[in-house]
Amino acid sequence: MLFHIKELQQKFIIHQRGVVLIIALFVMTLIAVMAVAMMARLQRDTYRTSLVIHATQAELYAQGSVAWAMQQLRDNKEKNRLDNAPIHLPVKQIYEYRIDSVIEDAQGYFNLNNLADSAVQQDFQRLLRAVVPQLNAQAGMDIARALTDWVTPGVHNSVYDRYYLSLKPAYRAAHRPMLSVSELRLVKGVTPALYNALLPYVTALPEKTAINVQSALPQVLMSLSPTLNLSVVQQIVSHRQVTPFTTLEKFTGLEVVKNHAIAADKVTVNSTYFLVVTTVMVESETYRLYTLLSRLVQNERLQVKMLWQSKH
């Protein structure tokens with residue numbers, strides 16, 4: 001009997017040791033899991049902090065390039081120099097940051113807000129034909145009319161209103177000048193493919209503007225007159241590369257331009273609006289800052305102002 005009791009005691013002790021061992025293994029596993037989780041969280045926090053630091057530093061460098069652009073535009077005007085956009089800032093390498101900045105002539109693009117004047121619809125249709133030749137004439141006309149409805153204050157066409165409200169999600173036409181070209185995606189008839197095709201040639205400026213014939217792309221120049229074709233436009237581009245249009249008369253007096261009835265209020269050689277595109281790269285990250293600047297003389301003083309900025 002005594003032997004049996006001792007045997008039971010030994011089995012109980014062995015069982016207790018097994019339980020303790022299991023508990024110890026469980027605690028060690030729990031500690032290991034917690035350690036891995038803490039290390040993963042620490043790694044995420046470190047990476048997030050790195051991104052914040054990089055983004056903050058990149059924005060500071062980008063803002064510095066905008067200050068350079070403003071001074072460049074001011075100097076060009078004061079010294080009566082041709083802007084000759086795009087103007088590239090020499091690429092800078094500051095520690096691990098690479099800064100690339102360029103000034104683009106915003107009036108070298110087709111200003112969508114000009115469509116508040118219904119007479120500009122024909123110009124836009126010519127741009128459509130130049131950029132998307134496969135688009136039929138009726139579709140181009142419908143899109144031009146929808147754009148006029150979108151950007152014109154006080155104009156409410158019930159046909160467009162019903163169309164936008166029938167979509168999911170539903171929305172209303174802005175009936176004001178576009179603040180961003182991205183609004184074009186919301187306009188009736190504008191497909192993603194058409195939007196992407198037009199994107200390199202259009203802009204949205206805060207007022208009606210003339211096209212700068214010194215910097216406009218060939219497709220944009222073709223919007224100026226129904227008789228301007230690619231052959232004529234290529235001659236204009238080739239001429240301005242050798243002899244820039246320093247005055248409007250030098251453009252209108254050009255032999256290949258004379259017979260195309262281009263309205264004087266549609267063109268200019270002096271721009272008011274400029275887009276500064278700054279790209280900052282660090283490691284595998286890219287930061288891009290878009291800045292719209294205006295340059296004009298007010299009260300006999302030259303002013304270069306920042307109108308808006310957008311970060312990507």
# chains A, B, ... in the order shown; residues from 1 in each chain; ligands from 1

call {"tool": "residues_around", "arguments": {"residues": "segment 291-293 of chain A", "least_positions_apart": "2", "cutoff": "8 Å", "atoms": "only C-alpha atoms", "output": "PyMOL selection string"}}
result
chain A and resi 66+70+273-277+289+295+304-310

call {"tool": "write_last_selection", "arguments": {"atoms": "C-alpha atoms", "output": "short mmCIF file (atom, residue, chain, number, x, y, z; two decimals), in the first residue's frame"}}
result
data_model
loop_
_atom_site.label_atom_id
_atom_site.label_comp_id
_atom_site.auth_asym_id
_atom_site.auth_seq_id
_atom_site.Cartn_x
_atom_site.Cartn_y
_atom_site.Cartn_z
CA VAL A 66 9.55 77.82 -56.72
CA MET A 70 9.58 83.42 -59.43
CA TYR A 273 0.53 82.40 -66.32
CA PHE A 274 3.28 79.82 -65.75
CA LEU A 275 3.29 76.33 -64.26
CA VAL A 276 6.30 75.26 -62.20
CA VAL A 277 6.73 71.49 -61.94
CA LEU A 289 4.91 69.85 -56.57
CA ARG A 295 3.24 87.58 -63.67
CA VAL A 304 4.94 87.54 -59.58
CA LYS A 305 2.33 85.78 -57.46
CA MET A 306 1.63 82.20 -56.44
CA LEU A 307 -1.97 81.27 -57.26
CA TRP A 308 -2.11 77.64 -56.10
CA GLN A 309 -0.05 74.59 -55.36
CA SER A 310 -0.77 70.89 -55.66
#

call {"tool": "select_by_dssp", "arguments": {"residues": "segment 102-151 of chain A", "states": "strand (DSSP E)", "output": "PyMOL selection string"}}
result
chain A and resi 102-105+110-111

call {"tool": "atom_distance", "arguments": {"atom1": "atom CA of Ala193 of chain A", "atom2": "atom CA of Leu147 of chain A"}}
result
16.9 Å

call {"tool": "closest_residue", "arguments": {"among": "A:Ser284, A:Gln138, A:Ser231, A:Ser223", "to": "Phe124 of chain A", "atoms": "only C-alpha atoms"}}
result
A:Ser223

call {"tool": "closest_residue", "arguments": {"among": "A:Gln125, A:Thr46, A:Asn229, A:Ser65", "to": "Gly140 of chain A", "atoms": "only C-alpha atoms"}}
result
A:Gln125

call {"tool": "residues_around", "arguments": {"residues": "Leu302 of chain A", "least_positions_apart": "5", "cutoff": "10 Å", "atoms": "only C-alpha atoms", "output": "JSON, numbers by chain"}}
result
{"A": [74, 77, 78, 295, 296, 297]}

call {"tool": "atom_distance", "arguments": {"atom1": "atom CA of Leu112 of chain A", "atom2": "atom CA of Pro218 of chain A"}}
result
17.1 Å
